[in-house]
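Novice: File follows, my_file.csv with CSV, C-alpha atoms:
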chain,number,residue,atom,x,y,z
A,1,MET,CA,16.9,59.6,-68.0
A,2,ARG,CA,13.2,58.7,-68.4
A,3,LYS,CA,11.4,58.3,-65.1
A,4,GLU,CA,11.1,54.6,-64.2
A,5,ARG,CA,8.1,52.9,-62.7
A,6,LYS,CA,8.7,51.4,-59.3
A,7,ARG,CA,7.2,48.1,-58.5
A,8,THR,CA,7.4,45.3,-55.9
A,9,ILE,CA,7.0,42.0,-57.7
A,10,GLY,CA,4.1,40.0,-56.1
A,11,THR,CA,5.6,37.3,-53.9
A,12,THR,CA,3.3,37.6,-50.9
A,13,LEU,CA,2.2,33.9,-50.9
A,14,VAL,CA,5.7,32.4,-51.3
A,15,ALA,CA,7.0,30.1,-48.5
A,16,LEU,CA,10.8,29.9,-48.2
A,17,ALA,CA,12.9,27.5,-46.1
A,18,ILE,CA,16.5,28.5,-45.5
A,19,LEU,CA,18.4,25.3,-44.7
A,20,GLY,CA,21.8,26.7,-44.2
A,21,VAL,CA,23.9,29.8,-44.6
A,22,ALA,CA,27.6,30.4,-44.5
A,23,LEU,CA,29.0,33.7,-43.1
A,24,VAL,CA,32.0,35.4,-44.5
A,25,SER,CA,33.8,38.2,-42.9
A,26,SER,CA,33.4,41.8,-44.0
A,27,PRO,CA,36.6,43.9,-44.4
A,28,ASN,CA,34.9,47.0,-43.2
A,29,ARG,CA,32.4,46.5,-40.4
A,30,PRO,CA,29.6,49.1,-40.5
A,31,ASP,CA,29.4,51.0,-37.3
A,32,TRP,CA,26.2,52.2,-35.5
A,33,PRO,CA,25.7,55.9,-36.0
A,34,SER,CA,26.2,58.7,-33.6
A,35,THR,CA,23.3,59.6,-31.3
A,36,PHE,CA,20.1,60.2,-33.1
A,37,VAL,CA,18.1,63.0,-31.5
A,38,THR,CA,14.4,63.0,-32.4
A,39,ASP,CA,13.4,65.7,-29.9
A,40,ARG,CA,15.7,68.6,-30.6
A,41,SER,CA,15.9,69.4,-26.9
A,42,THR,CA,18.2,67.7,-24.4
A,43,LYS,CA,16.1,64.5,-24.7
A,44,LEU,CA,17.3,61.5,-26.7
A,45,GLN,CA,15.2,58.7,-28.1
A,46,VAL,CA,16.7,55.2,-27.7
A,47,ILE,CA,16.0,51.5,-27.5
A,48,VAL,CA,17.2,49.9,-24.3
A,49,GLN,CA,17.8,46.2,-24.3
A,50,ALA,CA,18.3,43.9,-21.3
A,51,ARG,CA,17.8,40.3,-20.3
A,52,ASP,CA,14.0,40.9,-20.6
A,53,MET,CA,11.6,43.8,-21.1
A,54,ALA,CA,10.8,44.3,-17.5
A,55,THR,CA,14.4,44.7,-16.5
A,56,ALA,CA,15.0,47.2,-19.3
A,57,ALA,CA,12.0,49.2,-18.2
A,58,SER,CA,13.1,49.1,-14.6
A,59,ALA,CA,16.5,50.4,-15.5
A,60,VAL,CA,15.1,53.2,-17.6
A,61,ARG,CA,12.7,54.3,-14.9
A,62,ALA,CA,15.6,54.2,-12.3
A,63,ALA,CA,17.5,56.6,-14.5
A,64,GLY,CA,14.6,58.9,-14.8
A,65,GLY,CA,13.7,58.1,-18.4
A,66,GLU,CA,10.3,57.9,-20.0
A,67,ILE,CA,9.0,54.6,-21.4
A,68,LEU,CA,7.5,55.0,-25.0
A,69,HIS,CA,7.2,51.5,-26.2
A,70,GLU,CA,7.2,48.0,-24.7
A,71,LEU,CA,9.3,45.9,-27.1
A,72,ASP,CA,9.2,42.4,-25.5
A,73,ILE,CA,9.9,40.8,-28.9
A,74,ILE,CA,13.6,41.9,-28.5
A,75,ASP,CA,13.6,42.2,-24.6
A,76,ALA,CA,13.7,45.9,-24.8
A,77,VAL,CA,11.8,49.2,-24.4
A,78,GLY,CA,11.7,52.4,-26.4
A,79,ALA,CA,12.5,55.3,-24.2
A,80,ARG,CA,13.1,59.1,-24.1
A,81,LEU,CA,15.8,60.3,-21.7
A,82,THR,CA,18.5,62.9,-21.1
A,83,ALA,CA,22.1,62.5,-22.1
A,84,THR,CA,22.9,62.2,-18.4
A,85,ALA,CA,20.4,59.4,-17.9
A,86,LYS,CA,21.8,57.6,-20.9
A,87,ALA,CA,25.3,57.8,-19.4
A,88,GLN,CA,23.8,56.3,-16.2
A,89,LEU,CA,22.2,53.5,-18.1
A,90,GLU,CA,25.5,52.7,-19.9
A,91,ARG,CA,27.0,52.0,-16.5
A,92,ASP,CA,24.0,49.8,-15.4
A,93,ASP,CA,25.0,46.1,-15.4
A,94,ARG,CA,21.4,45.2,-16.1
A,95,VAL,CA,21.5,46.9,-19.5
A,96,ARG,CA,22.7,44.7,-22.4
A,97,LYS,CA,22.8,47.4,-25.1
A,98,ILE,CA,21.4,50.9,-25.9
A,99,TYR,CA,20.5,51.6,-29.6
A,100,ASP,CA,19.8,55.1,-31.0
A,101,ASP,CA,16.2,55.1,-32.3
A,102,GLY,CA,17.0,55.4,-36.0
A,103,LEU,CA,14.8,55.9,-39.0
A,104,ALA,CA,13.4,53.6,-41.7
A,105,ARG,CA,11.7,54.9,-44.8
A,106,VAL,CA,9.0,53.4,-47.0
A,107,ALA,CA,9.9,52.6,-50.6
A,108,GLY,CA,9.1,55.3,-53.1
A,109,PRO,CA,5.6,55.7,-54.6
A,110,SER,CA,4.5,53.5,-57.5
A,111,LEU,CA,2.2,53.7,-60.4
A,112,PRO,CA,-0.7,51.3,-61.2
A,113,THR,CA,0.0,48.5,-63.6
A,114,GLU,CA,-1.1,44.9,-64.2
A,115,TYR,CA,0.7,43.2,-61.3
A,116,PRO,CA,-0.9,39.7,-61.7
A,117,THR,CA,0.2,39.7,-65.3
A,118,LEU,CA,3.8,40.6,-64.5
A,119,SER,CA,4.0,38.2,-61.6
A,120,ARG,CA,2.2,35.4,-63.6
A,121,ALA,CA,-0.4,35.2,-60.8
A,122,GLN,CA,-3.2,34.9,-63.3
A,123,SER,CA,-2.6,31.2,-63.9
A,124,LEU,CA,-3.0,30.7,-60.1
A,125,HIS,CA,-6.2,32.7,-60.1
A,126,ALA,CA,-7.5,30.5,-62.9
A,127,ALA,CA,-6.7,27.4,-60.9
A,128,GLY,CA,-8.7,28.8,-57.9
A,129,PHE,CA,-5.7,30.1,-55.8
A,130,LYS,CA,-6.5,33.6,-54.8
A,131,GLY,CA,-5.1,33.7,-51.2
A,132,TYR,CA,-8.3,32.8,-49.3
A,133,GLY,CA,-7.5,31.6,-45.8
A,134,VAL,CA,-4.2,33.5,-45.6
A,135,THR,CA,-3.9,36.8,-43.8
A,136,VAL,CA,-1.2,39.3,-44.9
A,137,ALA,CA,0.0,42.0,-42.4
A,138,VAL,CA,1.0,45.2,-44.1
A,139,LEU,CA,3.4,47.3,-42.0
A,140,ASP,CA,3.3,50.7,-43.6
A,141,THR,CA,1.6,54.1,-43.6
A,142,GLY,CA,-1.9,52.8,-42.9
A,143,LEU,CA,-4.9,52.3,-45.2
A,144,TRP,CA,-7.4,54.4,-47.0
A,145,LYS,CA,-10.4,52.2,-46.9
A,146,HIS,CA,-11.8,51.5,-50.4
A,147,SER,CA,-14.2,48.8,-51.4
A,148,ASP,CA,-11.5,47.2,-53.7
A,149,LEU,CA,-9.3,46.7,-50.7
A,150,ILE,CA,-11.6,46.0,-47.7
A,151,ASP,CA,-13.7,43.3,-49.6
A,152,ASP,CA,-12.5,40.3,-51.4
A,153,THR,CA,-13.8,38.9,-54.7
A,154,ALA,CA,-16.9,37.4,-53.0
A,155,SER,CA,-17.6,40.8,-51.2
A,156,ARG,CA,-16.5,39.4,-47.9
A,157,PHE,CA,-15.1,42.0,-45.5
A,158,ARG,CA,-11.4,41.0,-45.2
A,159,VAL,CA,-9.9,43.6,-42.8
A,160,LYS,CA,-9.2,41.5,-39.6
A,161,ALA,CA,-7.6,44.3,-37.5
A,162,GLN,CA,-5.9,47.7,-37.6
A,163,TYR,CA,-3.2,49.0,-35.3
A,164,ASP,CA,-1.4,52.3,-35.1
A,165,THR,CA,1.9,52.2,-33.2
A,166,ILE,CA,2.4,56.0,-33.5
A,167,LEU,CA,-0.9,56.6,-31.9
A,168,HIS,CA,-0.1,54.1,-29.2
A,169,ARG,CA,3.1,55.9,-28.4
A,170,LEU,CA,1.5,59.3,-28.2
A,171,LYS,CA,-1.6,58.0,-26.4
A,172,PRO,CA,-0.6,55.0,-24.2
A,173,ASP,CA,-4.3,54.2,-23.4
A,174,ALA,CA,-5.4,54.3,-27.0
A,175,TYR,CA,-5.8,50.5,-27.2
A,176,LYS,CA,-6.6,49.9,-23.6
A,177,ASP,CA,-10.0,48.5,-24.5
A,178,GLY,CA,-8.4,46.1,-27.0
A,179,ASP,CA,-10.4,47.6,-29.9
A,180,TYR,CA,-8.4,46.9,-33.1
A,181,LYS,CA,-11.2,47.5,-35.5
A,182,ARG,CA,-10.9,51.3,-35.6
A,183,ASP,CA,-9.5,52.9,-38.9
A,184,VAL,CA,-5.9,54.0,-38.8
A,185,GLY,CA,-6.0,56.2,-41.9
A,186,ASP,CA,-3.3,56.8,-44.6
A,187,VAL,CA,-2.3,60.4,-45.4
A,188,SER,CA,0.7,59.3,-47.4
A,189,GLY,CA,-1.0,56.7,-49.7
A,190,HIS,CA,2.0,54.4,-49.7
A,191,GLY,CA,0.5,51.8,-47.5
A,192,THR,CA,-2.8,51.9,-49.5
A,193,HIS,CA,-0.9,51.4,-52.7
A,194,VAL,CA,1.1,48.5,-51.4
A,195,THR,CA,-2.1,46.9,-50.1
A,196,GLY,CA,-3.6,47.3,-53.6
A,197,VAL,CA,-0.7,45.5,-55.2
A,198,LEU,CA,-1.1,42.7,-52.7
A,199,LEU,CA,-4.9,42.1,-52.8
A,200,SER,CA,-7.0,44.6,-54.7
A,201,ALA,CA,-10.1,42.5,-55.7
A,202,ARG,CA,-11.9,44.7,-58.2
A,203,PRO,CA,-12.2,42.9,-61.5
A,204,HIS,CA,-10.5,44.8,-64.2
A,205,LEU,CA,-10.8,43.8,-67.9
A,206,GLY,CA,-11.5,40.3,-66.7
A,207,LYS,CA,-8.5,40.2,-64.4
A,208,TYR,CA,-7.8,41.1,-60.7
A,209,ASN,CA,-5.6,44.1,-59.9
A,210,GLY,CA,-4.1,42.4,-56.8
A,211,VAL,CA,-1.8,39.3,-56.7
A,212,ALA,CA,-3.9,37.6,-53.9
A,213,PRO,CA,-7.4,39.1,-54.2
A,214,ASP,CA,-9.0,36.9,-51.6
A,215,ALA,CA,-6.3,37.2,-48.9
A,216,GLY,CA,-7.2,38.6,-45.5
A,217,LEU,CA,-5.7,41.8,-44.3
A,218,VAL,CA,-4.2,43.2,-41.1
A,219,VAL,CA,-3.1,46.9,-41.3
A,220,VAL,CA,-0.3,48.1,-39.0
A,221,LYS,CA,0.6,51.7,-39.2
A,222,ALA,CA,4.2,52.7,-38.1
A,223,PHE,CA,5.2,55.4,-40.6
A,224,ALA,CA,4.4,59.1,-40.7
A,225,PRO,CA,2.9,60.9,-43.8
A,226,ASP,CA,6.4,61.8,-45.0
A,227,GLY,CA,7.2,58.1,-45.2
A,228,HIS,CA,9.6,58.0,-42.2
A,229,GLY,CA,9.2,55.7,-39.2
A,230,LEU,CA,11.1,55.4,-36.0
A,231,TYR,CA,12.8,52.0,-35.3
A,232,SER,CA,10.8,51.7,-32.1
A,233,ASP,CA,7.5,52.3,-33.8
A,234,VAL,CA,8.3,49.7,-36.5
A,235,ILE,CA,9.5,47.2,-33.9
A,236,ARG,CA,6.4,47.7,-31.9
A,237,GLY,CA,4.3,46.9,-35.0
A,238,ILE,CA,6.2,43.7,-35.5
A,239,ASN,CA,5.8,42.9,-31.8
A,240,TRP,CA,2.0,43.3,-32.2
A,241,ILE,CA,1.9,41.2,-35.4
A,242,VAL,CA,3.8,38.3,-33.8
A,243,THR,CA,1.7,38.4,-30.6
A,244,ASN,CA,-1.6,38.4,-32.6
A,245,ARG,CA,-0.5,36.0,-35.4
A,246,THR,CA,-2.7,33.2,-34.3
A,247,THR,CA,-5.8,35.4,-33.6
A,248,TYR,CA,-5.8,36.7,-37.1
A,249,ASN,CA,-4.0,33.8,-38.9
A,250,ILE,CA,-1.2,36.1,-40.0
A,251,ARG,CA,1.0,34.1,-42.4
A,252,VAL,CA,2.8,36.8,-44.3
A,253,LEU,CA,4.3,40.1,-43.3
A,254,ASN,CA,5.0,42.7,-46.0
A,255,CYS,CA,7.7,45.3,-45.2
A,256,SER,CA,8.0,47.7,-48.1
A,257,PHE,CA,10.5,49.9,-46.4
A,258,SER,CA,14.2,50.2,-45.8
A,259,ALA,CA,16.8,51.6,-43.4
A,260,PRO,CA,20.6,52.2,-43.8
A,261,VAL,CA,22.8,49.3,-42.7
A,262,ARG,CA,24.7,50.3,-39.5
A,263,SER,CA,25.7,47.0,-38.0
A,264,TRP,CA,25.9,43.3,-38.7
A,265,TYR,CA,22.4,42.2,-39.5
A,266,TRP,CA,22.0,40.2,-36.3
A,267,GLU,CA,22.9,43.2,-34.1
A,268,ASP,CA,20.3,45.5,-35.7
A,269,PRO,CA,17.3,45.7,-33.4
A,270,LEU,CA,14.8,45.9,-36.3
A,271,ASN,CA,16.3,42.7,-37.8
A,272,GLN,CA,16.1,41.1,-34.4
A,273,ALA,CA,12.4,41.6,-34.4
A,274,ILE,CA,12.1,40.4,-38.0
A,275,MET,CA,13.9,37.2,-37.0
A,276,LYS,CA,11.4,36.7,-34.2
A,277,ALA,CA,8.6,36.9,-36.7
A,278,TRP,CA,10.4,34.3,-38.9
A,279,GLN,CA,10.8,32.1,-35.9
A,280,ALA,CA,7.1,32.4,-35.2
A,281,GLY,CA,6.4,31.0,-38.7
A,282,ILE,CA,5.6,34.2,-40.5
A,283,VAL,CA,6.9,34.6,-44.1
A,284,VAL,CA,8.5,38.1,-44.2
A,285,VAL,CA,8.8,39.9,-47.6
A,286,ALA,CA,11.0,43.0,-47.6
A,287,SER,CA,12.0,45.7,-50.0
A,288,ALA,CA,15.7,45.7,-51.0
A,289,GLY,CA,15.5,49.5,-51.0
A,290,ASN,CA,16.0,52.2,-53.6
A,291,GLY,CA,19.6,53.1,-52.8
A,292,GLY,CA,21.2,51.2,-55.7
A,293,PRO,CA,22.6,50.3,-58.0
A,294,GLY,CA,26.0,50.1,-56.2
A,295,PRO,CA,27.0,46.8,-54.4
A,296,MET,CA,26.2,46.3,-50.7
A,297,SER,CA,23.3,48.8,-51.0
A,298,VAL,CA,20.5,46.5,-49.8
A,299,GLY,CA,19.0,48.1,-46.6
A,300,VAL,CA,17.5,46.8,-43.4
A,301,PRO,CA,15.6,44.4,-43.1
A,302,GLY,CA,16.3,43.4,-46.7
A,303,ASN,CA,19.8,42.4,-45.7
A,304,ASN,CA,18.4,39.7,-43.4
A,305,PRO,CA,18.9,36.2,-44.7
A,306,TYR,CA,15.6,35.0,-43.2
A,307,VAL,CA,13.4,37.2,-45.4
A,308,ILE,CA,12.4,37.2,-49.0
A,309,THR,CA,14.1,40.4,-50.4
A,310,VAL,CA,12.5,42.0,-53.4
A,311,GLY,CA,14.2,44.3,-55.9
A,312,SER,CA,12.6,46.8,-58.2
A,313,MET,CA,11.9,46.7,-61.9
A,314,THR,CA,10.5,48.8,-64.7
A,315,ASP,CA,8.2,47.7,-67.5
A,316,SER,CA,9.0,50.9,-69.5
A,317,TYR,CA,5.3,51.8,-69.4
A,318,THR,CA,4.4,48.8,-71.5
A,319,PRO,CA,2.9,46.2,-69.0
A,320,SER,CA,1.7,44.0,-71.8
A,321,ASN,CA,5.2,43.8,-73.4
A,322,GLY,CA,7.7,41.8,-71.3
A,323,SER,CA,10.6,42.3,-73.8
A,324,ASP,CA,11.5,45.7,-72.4
A,325,ASP,CA,11.2,44.9,-68.7
A,326,ARG,CA,14.4,45.4,-66.8
A,327,LEU,CA,15.9,46.0,-63.4
A,328,ALA,CA,15.3,49.6,-62.2
A,329,SER,CA,18.4,51.7,-62.0
A,330,PHE,CA,17.8,52.7,-58.4
A,331,SER,CA,17.1,49.1,-57.1
A,332,ALA,CA,19.5,48.2,-54.3
A,333,ALA,CA,22.0,45.5,-55.0
A,334,GLY,CA,23.9,42.9,-53.0
A,335,PRO,CA,25.9,41.2,-51.7
A,336,THR,CA,25.2,42.1,-48.1
A,337,TYR,CA,28.1,43.0,-45.8
A,338,GLU,CA,28.0,39.4,-44.5
A,339,GLY,CA,28.2,38.0,-48.0
A,340,PHE,CA,24.6,36.9,-48.7
A,341,VAL,CA,23.3,37.2,-52.2
A,342,LYS,CA,20.4,39.7,-52.3
A,343,PRO,CA,17.8,40.5,-53.4
A,344,ASP,CA,16.1,37.1,-53.8
A,345,VAL,CA,13.5,38.3,-56.3
Could you quickly redo this structure as structure tokens?
Specialist:
Amino acid sequence: MRKERKRTIGTTLVALAILGVALVSSPNRPDWPSTFVTDRSTKLQVIVQARDMATAASAVRAAGGEILHELDIIDAVGARLTATAKAQLERDDRVRKIYDDGLARVAGPSLPTEYPTLSRAQSLHAAGFKGYGVTVAVLDTGLWKHSDLIDDTASRFRVKAQYDTILHRLKPDAYKDGDYKRDVGDVSGHGTHVTGVLLSARPHLGKYNGVAPDAGLVVVKAFAPDGHGLYSDVIRGINWIVTNRTTYNIRVLNCSFSAPVRSWYWEDPLNQAIMKAWQAGIVVVASAGNGGPGPMSVGVPGNNPYVITVGSMTDSYTPSNGSDDRLASFSAAGPTYEGFVKPDV
């Protein structure tokens, strides 16, 4: 089979109101996985949820655990503890639930193409709509700073803030001074590519490379160079985005990553954080995932009814010819376990 070109269709400036949804039962409820050990010693890495973050932190410390992340967005903390300490926490009445700190993975690498043409954004550009005044938060592998990405079409510096959740976990005092202007870097290149799709501003053959070339940018790094990210790192990134949404006028959150479905969508801690972002007025756009084409293959958070879930397509290496465009063979498909039709785009 000829290698297909992976692409996320440009929908970063779409506002979606979900007025009502009907749940249907799933015959086979997906279970949460067995304990996920990130440190191959006796220590386990988990997310501990209670009635509030302070209570969760208190319970972890009482059991002798180490706090790695403060996840107040879901009333939880990320922690490292022994199996014995975990068993103690499971008996603690203050603890609501303990989740294994699973993995999410960014969508596969893509190749350059004419995104505004394929998404029909050029007509909006011609009418003067280029995203100015809207800030997009990209939660990914970071950013390799390039003039096409850090400046808009009027050469205005557009990077509002940069935050590295992995660094913050490894060095708790990294952002003690509140400095969110420092570069986060991008060894993988995935986050940089996604950012280019969203808002690359360099004129190319009379057109812009990005869908919203004048949009503002907030970079949040939560994924390692190999494309994997711990749930707790990702949730902390969402936590930071929601907390700082007003400061940087964050209106859109782009999540080009996916994790296996292991529970009902509302029980998944990553989805819980995503729903908090939606409640805060942020439009969330998520990848359906590359685990298709079988049914019920849409991952987390794409299985969340409160996000705009985007599938993948191929232009057969002919971006100027739409007649051979089709759904990519690997693009994840719905419905979700709860019966929602996904992806949306």
Novice: Find the spatial neighbours of stretch 208-219 of chain A, counting all atoms listed in the file, within a cut-off of 7 Å - ignore same-chain residues fewer than 4 positions away - and output them as number ranges by chain.
Specialist: A: 10, 114-116, 121, 130-139, 142-143, 152-153, 158-163, 196-204
Novice: Give me the residues near A:Gly227 as number ranges by chain, where near means some atom within 8 Å (using only C-alpha atoms) and where sequence neighbours in that chain fewer than 2 positions away do not count.
Specialist: A: 105-106, 141, 188, 190, 223-225, 229
Novice: Would you write out those residues with C-alpha atoms, as a PDB file, in the frame of the given file?
Specialist:
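Output file again.pdb is given in full below:
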ATOM      1  CA  ARG A 105      11.700  54.900 -44.800  1.00  0.00           C
ATOM      2  CA  VAL A 106       9.000  53.400 -47.000  1.00  0.00           C
ATOM      3  CA  THR A 141       1.600  54.100 -43.600  1.00  0.00           C
ATOM      4  CA  SER A 188       0.700  59.300 -47.400  1.00  0.00           C
ATOM      5  CA  HIS A 190       2.000  54.400 -49.700  1.00  0.00           C
ATOM      6  CA  PHE A 223       5.200  55.400 -40.600  1.00  0.00           C
ATOM      7  CA  ALA A 224       4.400  59.100 -40.700  1.00  0.00           C
ATOM      8  CA  PRO A 225       2.900  60.900 -43.800  1.00  0.00           C
ATOM      9  CA  GLY A 229       9.200  55.700 -39.200  1.00  0.00           C
TER      10      GLY A 229
END
Novice: Using only C-alpha atoms, which residue out of A:Thr318, A:Thr84, A:Thr195, A:Ser297 lies closest to A:Asn254?
Specialist: A:Thr195
Novice: Using all atoms listed in the file, find the one residue out of A:Gly65, A:Pro335, A:Gly128, A:Gly237 that sits nearest to A:Ala273.
Specialist: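 Counting all atoms listed in the file, the residue closest to A:Ala273 is A:Gly237.
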Novice: Rounded to one decimal place, report the atom CA of A:Ala50-atom CA of A:Asp173 distance in Å.
Specialist: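 Value for the atom CA of A:Ala50-atom CA of A:Asp173 distance: 24.9 Å.
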Novice: Select, from A:Gln272, A:Asn249, A:Ser58, A:Ser155, the residue with the minimum atom-to-atom distance to A:Ile73, counting only C-alpha atoms.
Specialist: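 Result for the nearest residue to A:Ile73: A:Gln272.
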Novice: Just to confirm, what's the straight-line distance from atom CA of A:Ile98 to atom CA of A:Val48 in Å (one decimal)?
Specialist: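 Between atom CA of A:Ile98 and atom CA of A:Val48 the gap is 4.6 Å.
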Novice: Record the distance separating atom CA of A:Arg51 and atom CA of A:Asp93, expressed in Å with one decimal.
Specialist: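 Distance reported for this atom pair: 10.5 Å.
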Novice: Between A:Pro295, A:Pro260, A:Pro305, A:Gly322, single out the one closest to A:Trp278, counting only C-alpha atoms.
Specialist: A:Pro305
Novice: Measuring between all atoms listed in the file, which one of A:Ala277, A:Leu124, A:Val187, A:Val341 shows the shortest distance to A:Lys145?
Specialist: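 Using all atoms listed in the file, A:Lys145 sits closest to A:Val187.
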Novice: Put a box with edges along x, y and z around all the listed atoms of stretch 208-224 of chain A, pad it by 8 Å on each side, then give me its centre and sizes in Å, one decimal, as lines of an AutoDock Vina configuration file.
Specialist:
center_x = -1.9
center_y = 48.0
center_z = -49.4
size_x = 30.2
size_y = 38.2
size_z = 38.6
Novice: Looking at A:Ser256, A:Gln45, A:Asn303, A:Ser316, which one is nearest to A:Tyr99, with distances taken over only C-alpha atoms?
Specialist: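 Ranked by minimum distance to A:Tyr99, first place goes to A:Gln45.
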Novice: Tell me which protein, DNA and RNA residues are within 8 Å of A:Arg80, counting only C-alpha atoms, leaving out same-chain ones fewer than 5 positions away, and put them as a list in words.
Specialist: Lys43, Leu44, Gln45, Val46, Gly65, Glu66, Ile67 and Leu68 of chain A
Novice: Tell me which protein, DNA and RNA residues are within 10 Å of A:Gly299, counting all atoms listed in the file, leaving out same-chain ones fewer than 2 positions away, and put them as a list in words.
Specialist: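 Surrounding residues, per the criterion: Ala104, Phe257, Ser258, Ala259, Pro260, Val261, Arg262, Tyr265, Ala286, Ser287, Ala288, Gly289, Asn290, Gly291, Gly292, Met296, Ser297, Pro301, Gly302, Asn303, Asn304, Thr309, Ala332, Ala333, Gly334 and Thr336 of chain A.
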